[in-house]
>>> print(open('my_file17.cif').read())   # mmCIF, C-alpha atoms
data_target
loop_
_atom_site.group_PDB
_atom_site.id
_atom_site.type_symbol
_atom_site.label_atom_id
_atom_site.label_comp_id
_atom_site.auth_asym_id
_atom_site.auth_seq_id
_atom_site.Cartn_x
_atom_site.Cartn_y
_atom_site.Cartn_z
ATOM 1 C CA MET A 553 116.907 69.626 65.072
ATOM 2 C CA ALA A 554 117.843 71.324 61.808
ATOM 3 C CA CYS A 555 114.188 71.250 60.767
ATOM 4 C CA LEU A 556 113.400 73.629 63.635
ATOM 5 C CA ASP A 557 115.681 76.291 62.147
ATOM 6 C CA LEU A 558 113.357 76.357 59.137
ATOM 7 C CA LEU A 559 110.263 77.314 61.154
ATOM 8 C CA ASP A 560 109.242 80.960 60.838
ATOM 9 C CA ASP A 561 108.547 81.505 64.535
ATOM 10 C CA VAL A 562 111.766 79.900 65.806
ATOM 11 C CA GLU A 563 114.443 82.466 66.595
ATOM 12 C CA SER A 564 117.283 80.117 67.471
ATOM 13 C CA VAL A 565 118.018 76.449 68.102
ATOM 14 C CA SER A 566 120.786 75.170 70.387
ATOM 15 C CA ASP A 567 121.711 71.736 71.629
ATOM 16 C CA ALA A 568 123.832 70.067 74.275
ATOM 17 C CA GLU A 569 125.300 66.573 74.359
ATOM 18 C CA ARG A 570 124.962 66.142 78.128
ATOM 19 C CA VAL A 571 122.598 67.409 80.828
ATOM 20 C CA ARG A 572 125.478 69.163 82.581
ATOM 21 C CA ASP A 573 126.259 71.030 79.352
ATOM 22 C CA ALA A 574 122.594 71.997 78.995
ATOM 23 C CA TRP A 575 122.555 73.574 82.467
ATOM 24 C CA GLU A 576 125.650 75.588 81.551
ATOM 25 C CA HIS A 577 124.380 76.613 78.106
ATOM 26 C CA PRO A 578 123.856 80.394 77.889
ATOM 27 C CA MET A 579 120.612 80.020 75.885
ATOM 28 C CA LEU A 580 118.867 77.697 78.357
ATOM 29 C CA PHE A 581 117.368 80.420 80.522
ATOM 30 C CA GLN A 582 116.033 82.219 77.445
ATOM 31 C CA ALA A 583 114.422 79.125 75.927
ATOM 32 C CA ASP A 584 110.666 78.863 75.497
ATOM 33 C CA ILE A 585 110.763 75.183 74.500
ATOM 34 C CA VAL A 586 113.252 72.543 75.687
ATOM 35 C CA LEU A 587 113.517 69.066 74.143
ATOM 36 C CA VAL A 588 114.829 66.393 76.497
ATOM 37 C CA ASP A 589 115.900 62.768 76.135
ATOM 38 C CA PRO A 590 115.333 61.284 79.597
ATOM 39 C CA ALA A 591 117.692 58.396 78.779
ATOM 40 C CA LEU A 592 120.662 60.748 79.108
ATOM 41 C CA PRO A 593 122.346 60.554 82.520
ATOM 42 C CA GLY A 594 120.369 62.994 84.673
ATOM 43 C CA GLY A 595 117.727 63.415 81.957
ATOM 44 C CA GLN A 596 114.734 62.496 84.104
ATOM 45 C CA ASP A 597 115.663 64.980 86.827
ATOM 46 C CA PHE A 598 116.340 67.585 84.131
ATOM 47 C CA VAL A 599 112.688 67.442 82.977
ATOM 48 C CA ARG A 600 111.373 68.687 86.314
ATOM 49 C CA GLY A 601 114.375 70.886 87.086
ATOM 50 C CA VAL A 602 114.436 72.814 83.822
ATOM 51 C CA ARG A 603 110.679 73.429 83.989
ATOM 52 C CA GLU A 604 110.949 74.817 87.515
ATOM 53 C CA ALA A 605 114.160 76.802 86.888
ATOM 54 C CA THR A 606 113.328 78.378 83.540
ATOM 55 C CA GLY A 607 109.566 78.133 83.022
ATOM 56 C CA ALA A 608 110.255 76.636 79.577
ATOM 57 C CA ARG A 609 107.801 74.156 78.125
ATOM 58 C CA VAL A 610 109.441 70.722 78.032
ATOM 59 C CA ILE A 611 108.897 68.103 75.343
ATOM 60 C CA VAL A 612 110.317 64.655 76.049
ATOM 61 C CA CYS A 613 111.678 62.647 73.102
ATOM 62 C CA SER A 614 112.254 59.082 74.221
ATOM 63 C CA SER A 615 112.631 55.504 73.016
ATOM 64 C CA ASP A 616 110.454 54.369 75.938
ATOM 65 C CA GLY A 617 106.760 54.551 75.082
ATOM 66 C CA GLY A 618 105.597 52.733 78.202
ATOM 67 C CA GLN A 619 102.785 54.123 80.311
ATOM 68 C CA GLU A 620 104.982 54.653 83.357
ATOM 69 C CA ALA A 621 107.574 56.631 81.392
ATOM 70 C CA VAL A 622 104.998 58.838 79.664
ATOM 71 C CA LEU A 623 102.940 59.546 82.771
ATOM 72 C CA GLY A 624 106.124 60.136 84.777
ATOM 73 C CA ALA A 625 107.336 62.745 82.295
ATOM 74 C CA LEU A 626 103.968 64.487 82.117
ATOM 75 C CA SER A 627 103.675 64.435 85.907
ATOM 76 C CA ALA A 628 107.140 66.013 86.115
ATOM 77 C CA GLY A 629 105.829 68.940 84.096
ATOM 78 C CA ALA A 630 106.525 68.008 80.475
ATOM 79 C CA VAL A 631 103.927 69.372 78.054
ATOM 80 C CA GLY A 632 104.630 66.763 75.428
ATOM 81 C CA TYR A 633 105.944 63.263 74.873
ATOM 82 C CA LEU A 634 107.177 61.928 71.542
ATOM 83 C CA ARG A 635 108.563 58.502 70.809
ATOM 84 C CA LYS A 636 111.839 58.599 68.903
ATOM 85 C CA ASP A 637 110.770 55.831 66.518
ATOM 86 C CA GLU A 638 107.874 58.035 65.356
ATOM 87 C CA LEU A 639 109.846 61.266 65.231
ATOM 88 C CA THR A 640 109.893 63.036 61.892
ATOM 89 C CA PRO A 641 110.734 66.650 61.078
ATOM 90 C CA GLU A 642 106.990 67.252 60.679
ATOM 91 C CA THR A 643 105.960 65.725 64.029
ATOM 92 C CA LEU A 644 108.749 67.567 65.817
ATOM 93 C CA ALA A 645 107.842 70.886 64.214
ATOM 94 C CA SER A 646 104.163 70.311 64.994
ATOM 95 C CA ALA A 647 104.947 69.455 68.623
ATOM 96 C CA VAL A 648 107.087 72.573 69.062
ATOM 97 C CA LYS A 649 104.370 74.781 67.549
ATOM 98 C CA ALA A 650 101.710 73.189 69.759
ATOM 99 C CA ALA A 651 103.824 73.558 72.902
ATOM 100 C CA ALA A 652 104.559 77.181 72.043
ATOM 101 C CA GLY A 653 100.808 77.729 71.747
ATOM 102 C CA GLY A 654 100.178 76.182 75.162
ATOM 103 C CA THR A 655 98.843 72.849 73.902
ATOM 104 C CA GLY A 656 100.117 69.525 75.184
ATOM 105 C CA VAL A 657 101.406 66.952 72.723
ATOM 106 C CA VAL A 658 101.153 63.190 72.906
ATOM 107 C CA THR A 659 100.971 61.375 69.568
ATOM 108 C CA PRO A 660 97.530 59.804 68.986
ATOM 109 C CA ASP A 661 98.881 56.236 68.740
ATOM 110 C CA LEU A 662 100.821 56.664 71.980
ATOM 111 C CA LEU A 663 97.709 58.020 73.683
ATOM 112 C CA GLU A 664 95.664 55.072 72.370
ATOM 113 C CA HIS A 665 98.326 52.689 73.710
ATOM 114 C CA LEU A 666 98.226 54.370 77.139
ATOM 115 C CA LEU A 667 94.442 54.322 77.279
ATOM 116 C CA ALA A 668 94.302 50.675 76.184
ATOM 117 C CA ASN A 669 96.862 49.651 78.825
ATOM 118 C CA HIS A 670 95.054 51.659 81.472
ATOM 119 C CA GLN A 671 91.679 50.109 80.603
ATOM 120 C CA GLN A 672 93.213 46.610 80.655
ATOM 121 C CA ALA A 673 94.691 47.283 84.076
ATOM 122 C CA GLU A 674 91.349 48.576 85.342
ATOM 123 C CA ASN A 675 89.422 45.605 83.960
ATOM 124 C CA GLY A 676 92.008 43.066 85.087
ATOM 125 C CA ALA A 677 92.106 44.403 88.622
ATOM 126 C CA GLY A 678 88.410 43.823 89.090
ATOM 127 C CA SER A 679 88.174 46.974 91.139
ATOM 128 C CA PRO A 680 85.353 49.451 90.743
ATOM 129 C CA PRO A 681 86.133 52.512 88.638
ATOM 130 C CA VAL A 682 87.582 55.514 90.391
ATOM 131 C CA ALA A 683 84.865 57.915 91.538
ATOM 132 C CA ALA A 684 84.518 60.634 88.923
ATOM 133 C CA LYS A 685 85.948 63.954 89.996
ATOM 134 C CA LEU A 686 85.159 65.667 86.728
ATOM 135 C CA THR A 687 81.839 66.804 85.297
ATOM 136 C CA ASP A 688 80.671 65.367 81.971
ATOM 137 C CA ARG A 689 81.661 68.601 80.232
ATOM 138 C CA GLU A 690 85.126 68.549 81.829
ATOM 139 C CA GLN A 691 85.593 64.915 80.800
ATOM 140 C CA GLN A 692 84.554 65.646 77.202
ATOM 141 C CA VAL A 693 86.870 68.629 76.884
ATOM 142 C CA LEU A 694 89.829 66.857 78.512
ATOM 143 C CA ALA A 695 89.342 63.714 76.402
ATOM 144 C CA LEU A 696 89.478 65.785 73.200
ATOM 145 C CA ILE A 697 92.565 67.648 74.407
ATOM 146 C CA ALA A 698 94.143 64.281 75.306
ATOM 147 C CA ALA A 699 93.437 63.086 71.760
ATOM 148 C CA GLY A 700 95.523 66.003 70.463
ATOM 149 C CA HIS A 701 92.816 68.448 69.369
ATOM 150 C CA PRO A 702 93.675 72.139 69.709
ATOM 151 C CA THR A 703 91.350 74.405 71.700
ATOM 152 C CA ARG A 704 89.665 75.734 68.551
ATOM 153 C CA GLU A 705 88.722 72.231 67.346
ATOM 154 C CA VAL A 706 87.448 71.243 70.800
ATOM 155 C CA ALA A 707 85.245 74.338 70.808
ATOM 156 C CA GLN A 708 83.873 73.504 67.359
ATOM 157 C CA GLU A 709 83.324 69.838 68.221
ATOM 158 C CA LEU A 710 81.396 70.608 71.414
ATOM 159 C CA CYS A 711 79.735 73.822 70.157
ATOM 160 C CA TYR A 712 81.385 75.962 72.840
ATOM 161 C CA SER A 713 83.314 79.174 72.517
ATOM 162 C CA GLU A 714 87.105 78.925 72.750
ATOM 163 C CA ARG A 715 86.879 80.991 75.931
ATOM 164 C CA THR A 716 84.565 78.387 77.481
ATOM 165 C CA VAL A 717 86.954 75.572 76.555
ATOM 166 C CA LYS A 718 89.888 77.476 78.074
ATOM 167 C CA ASN A 719 87.859 78.122 81.251
ATOM 168 C CA VAL A 720 86.913 74.451 81.513
ATOM 169 C CA LEU A 721 90.562 73.449 81.055
ATOM 170 C CA HIS A 722 91.650 75.947 83.693
ATOM 171 C CA ASP A 723 89.060 74.486 86.090
ATOM 172 C CA VAL A 724 90.243 70.936 85.356
ATOM 173 C CA VAL A 725 93.909 71.822 85.871
ATOM 174 C CA THR A 726 93.001 73.492 89.174
ATOM 175 C CA LYS A 727 90.670 70.697 90.283
ATOM 176 C CA LEU A 728 93.299 68.027 89.621
ATOM 177 C CA ASN A 729 96.023 70.135 91.231
ATOM 178 C CA ALA A 730 98.054 69.953 88.023
ATOM 179 C CA ARG A 731 100.552 72.447 86.631
ATOM 180 C CA SER A 732 99.573 72.105 82.985
ATOM 181 C CA ARG A 733 97.025 70.620 80.631
ATOM 182 C CA SER A 734 99.390 67.751 79.896
ATOM 183 C CA GLN A 735 99.778 66.973 83.568
ATOM 184 C CA ALA A 736 95.974 67.073 83.957
ATOM 185 C CA VAL A 737 95.643 64.620 81.054
ATOM 186 C CA ALA A 738 98.237 62.314 82.608
ATOM 187 C CA HIS A 739 96.443 62.397 85.956
ATOM 188 C CA ALA A 740 93.044 61.827 84.342
ATOM 189 C CA VAL A 741 94.334 58.826 82.352
ATOM 190 C CA ARG A 742 96.097 57.368 85.403
ATOM 191 C CA GLU A 743 92.994 57.744 87.584
ATOM 192 C CA GLY A 744 90.548 56.523 84.920
ATOM 193 C CA LEU A 745 88.731 59.850 84.687
ATOM 194 C CA ILE A 746 88.769 59.916 80.884
#
>>> encode(input="my_file17.cif", output="structure tokens")
Amino acid sequence: MACLDLLDDVESVSDAERVRDAWEHPMLFQADIVLVDPALPGGQDFVRGVREATGARVIVCSSDGGQEAVLGALSAGAVGYLRKDELTPETLASAVKAAAGGTGVVTPDLLEHLLANHQQAENGAGSPPVAAKLTDREQQVLALIAAGHPTREVAQELCYSERTVKNVLHDVVTKLNARSRSQAVAHAVREGLI
């Protein structure tokens, strides 16, 4: 957490040992970004609760990198998911900056793991793929966002304006009845849309 104090755009950093202490912390309702360990007693409920109560962007830092844990956190409204064993001052700082800029954060290797597990489950089940709900353009944009590319890079990669990419993402979030880009990515991965 000390590395966050060194970032230019970070005004203050506070922490709490327990979820109950976090709810009582005077800085909570002024926070833009909240980091949560869902393994703490009450941590999983805190992810959804703090998002709804404060509007803060939530990043989950967990030892559990399983698909269910990641998708559960993103579905609860988290904008990012980092595994503790991969956490460095640089990845944490990068995740906080991305979340502050409105971009979701899932480390590329974790995303690859989720996609691989999802594809194995789809292939092993022998069921036909889920009917596509997204257009080709929406799938391309969402797949790049899921891979961790910021809006500007997605626009360059697909030769769109940033405004077009943002409009496509807004449409996808609305179409999938999600609250955030990260939640849309989680839904799309879970349903086999990307």
>>> closest_residue(input="my_file17.cif", among="A:Gly594, A:Pro702, A:Gly617, A:Gly744", to="Ala647 of chain A", atoms="all atoms listed in the file")
A:Pro702
>>> residues_near_point(input="my_file17.cif", point="(110.9, 73.2, 82.2)", cutoff="8 Å", atoms="only C-alpha atoms", output="list in words")
Ile585, Val586, Val599, Arg600, Gly601, Val602, Arg603, Glu604, Ala605, Thr606, Gly607, Ala608, Arg609, Val610, Gly629 and Ala630 of chain A
>>> atom_distance(input="my_file17.cif", atom1="atom CA of Ala740 of chain A", atom2="atom CA of Thr703 of chain A")
17.9 Å
>>> atom_distance(input="my_file17.cif", atom1="atom CA of Gly653 of chain A", atom2="atom CA of Arg572 of chain A")
28.3 Å
>>> resolve_selection(input="my_file17.cif", expression="the PyMOL selection byres ((chain A and resi 721) around 8)", output="MDAnalysis selection string")
chainID A and resid 690 693:694 717:720 722:725 733
>>> closest_residue(input="my_file17.cif", among="A:Gln619, A:Gln582, A:Ser627, A:Gln596", to="Leu728 of chain A", atoms="only C-alpha atoms")
A:Ser627
>>> closest_residue(input="my_file17.cif", among="A:His701, A:Lys636, A:Arg731, A:Lys685", to="Ala650 of chain A", atoms="only C-alpha atoms")
A:His701
>>> atom_distance(input="my_file17.cif", atom1="atom CA of Arg635 of chain A", atom2="atom CA of Cys613 of chain A")
5.7 Å
>>> closest_residue(input="my_file17.cif", among="A:Ala736, A:Asp688, A:Val612, A:Arg570", to="Leu592 of chain A", atoms="all atoms listed in the file")
A:Arg570
>>> resolve_selection(input="my_file17.cif", expression="the PyMOL selection byres ((chain A and resi 632) around 8)", output="PyMOL selection string")
chain A and resi 610-612+626+630-631+633-634+647+651+656-658+734
>>> axis_aligned_box(input="my_file17.cif", around="segment 698-701 of chain A", padding_each_side="6 Å", output="lines of an AutoDock Vina configuration file")
center_x = 94.2
center_y = 65.8
center_z = 72.3
size_x = 14.7
size_y = 17.4
size_z = 17.9
>>> closest_residue(input="my_file17.cif", among="A:Thr655, A:Asp567, A:Ser713, A:Glu576", to="Leu696 of chain A", atoms="all atoms listed in the file")
A:Thr655
>>> decode(input="my_file17.cif", residues="segment 642-662 of chain A", atoms="N, CA and C atoms", output="compact mmCIF listing (two decimals), in the first residue's frame")
# COMPACT_ATOMS: atom_id res chain seq x y z
N GLU A 642 4.21 -2.27 -8.89
CA GLU A 642 3.90 -1.79 -10.24
C GLU A 642 2.52 -2.23 -10.69
N THR A 643 2.18 -3.52 -10.47
CA THR A 643 0.86 -4.00 -10.93
C THR A 643 -0.25 -3.33 -10.12
N LEU A 644 -0.01 -3.11 -8.84
CA LEU A 644 -1.02 -2.46 -8.02
C LEU A 644 -1.22 -1.01 -8.46
N ALA A 645 -0.12 -0.31 -8.68
CA ALA A 645 -0.21 1.08 -9.13
C ALA A 645 -0.90 1.17 -10.48
N SER A 646 -0.56 0.26 -11.38
CA SER A 646 -1.17 0.23 -12.71
C SER A 646 -2.67 -0.04 -12.62
N ALA A 647 -3.05 -0.97 -11.75
CA ALA A 647 -4.47 -1.31 -11.58
C ALA A 647 -5.25 -0.13 -11.02
N VAL A 648 -4.67 0.57 -10.06
CA VAL A 648 -5.35 1.73 -9.46
C VAL A 648 -5.52 2.84 -10.50
N LYS A 649 -4.46 3.08 -11.29
CA LYS A 649 -4.56 4.10 -12.34
C LYS A 649 -5.62 3.72 -13.37
N ALA A 650 -5.64 2.45 -13.77
CA ALA A 650 -6.62 2.00 -14.76
C ALA A 650 -8.04 2.14 -14.21
N ALA A 651 -8.25 1.71 -12.98
CA ALA A 651 -9.58 1.80 -12.37
C ALA A 651 -10.02 3.26 -12.25
N ALA A 652 -9.09 4.13 -11.88
CA ALA A 652 -9.41 5.55 -11.78
C ALA A 652 -9.81 6.12 -13.13
N GLY A 653 -9.24 5.57 -14.20
CA GLY A 653 -9.56 6.01 -15.55
C GLY A 653 -10.79 5.33 -16.14
N GLY A 654 -11.42 4.45 -15.35
CA GLY A 654 -12.63 3.79 -15.83
C GLY A 654 -12.39 2.49 -16.57
N THR A 655 -11.17 1.97 -16.53
CA THR A 655 -10.84 0.73 -17.22
C THR A 655 -10.81 -0.42 -16.23
N GLY A 656 -11.35 -1.55 -16.62
CA GLY A 656 -11.30 -2.73 -15.78
C GLY A 656 -9.92 -3.37 -15.82
N VAL A 657 -9.59 -4.12 -14.78
CA VAL A 657 -8.26 -4.71 -14.68
C VAL A 657 -8.37 -6.17 -14.28
N VAL A 658 -7.91 -7.04 -15.17
CA VAL A 658 -7.70 -8.44 -14.85
C VAL A 658 -6.37 -8.77 -15.50
N THR A 659 -5.41 -9.30 -14.74
CA THR A 659 -4.09 -9.55 -15.31
C THR A 659 -4.21 -10.50 -16.51
N PRO A 660 -3.39 -10.28 -17.54
CA PRO A 660 -3.50 -11.09 -18.76
C PRO A 660 -3.42 -12.59 -18.51
N ASP A 661 -2.52 -13.04 -17.62
CA ASP A 661 -2.41 -14.49 -17.38
C ASP A 661 -3.66 -15.02 -16.68
N LEU A 662 -4.26 -14.23 -15.81
CA LEU A 662 -5.49 -14.65 -15.15
C LEU A 662 -6.62 -14.73 -16.17
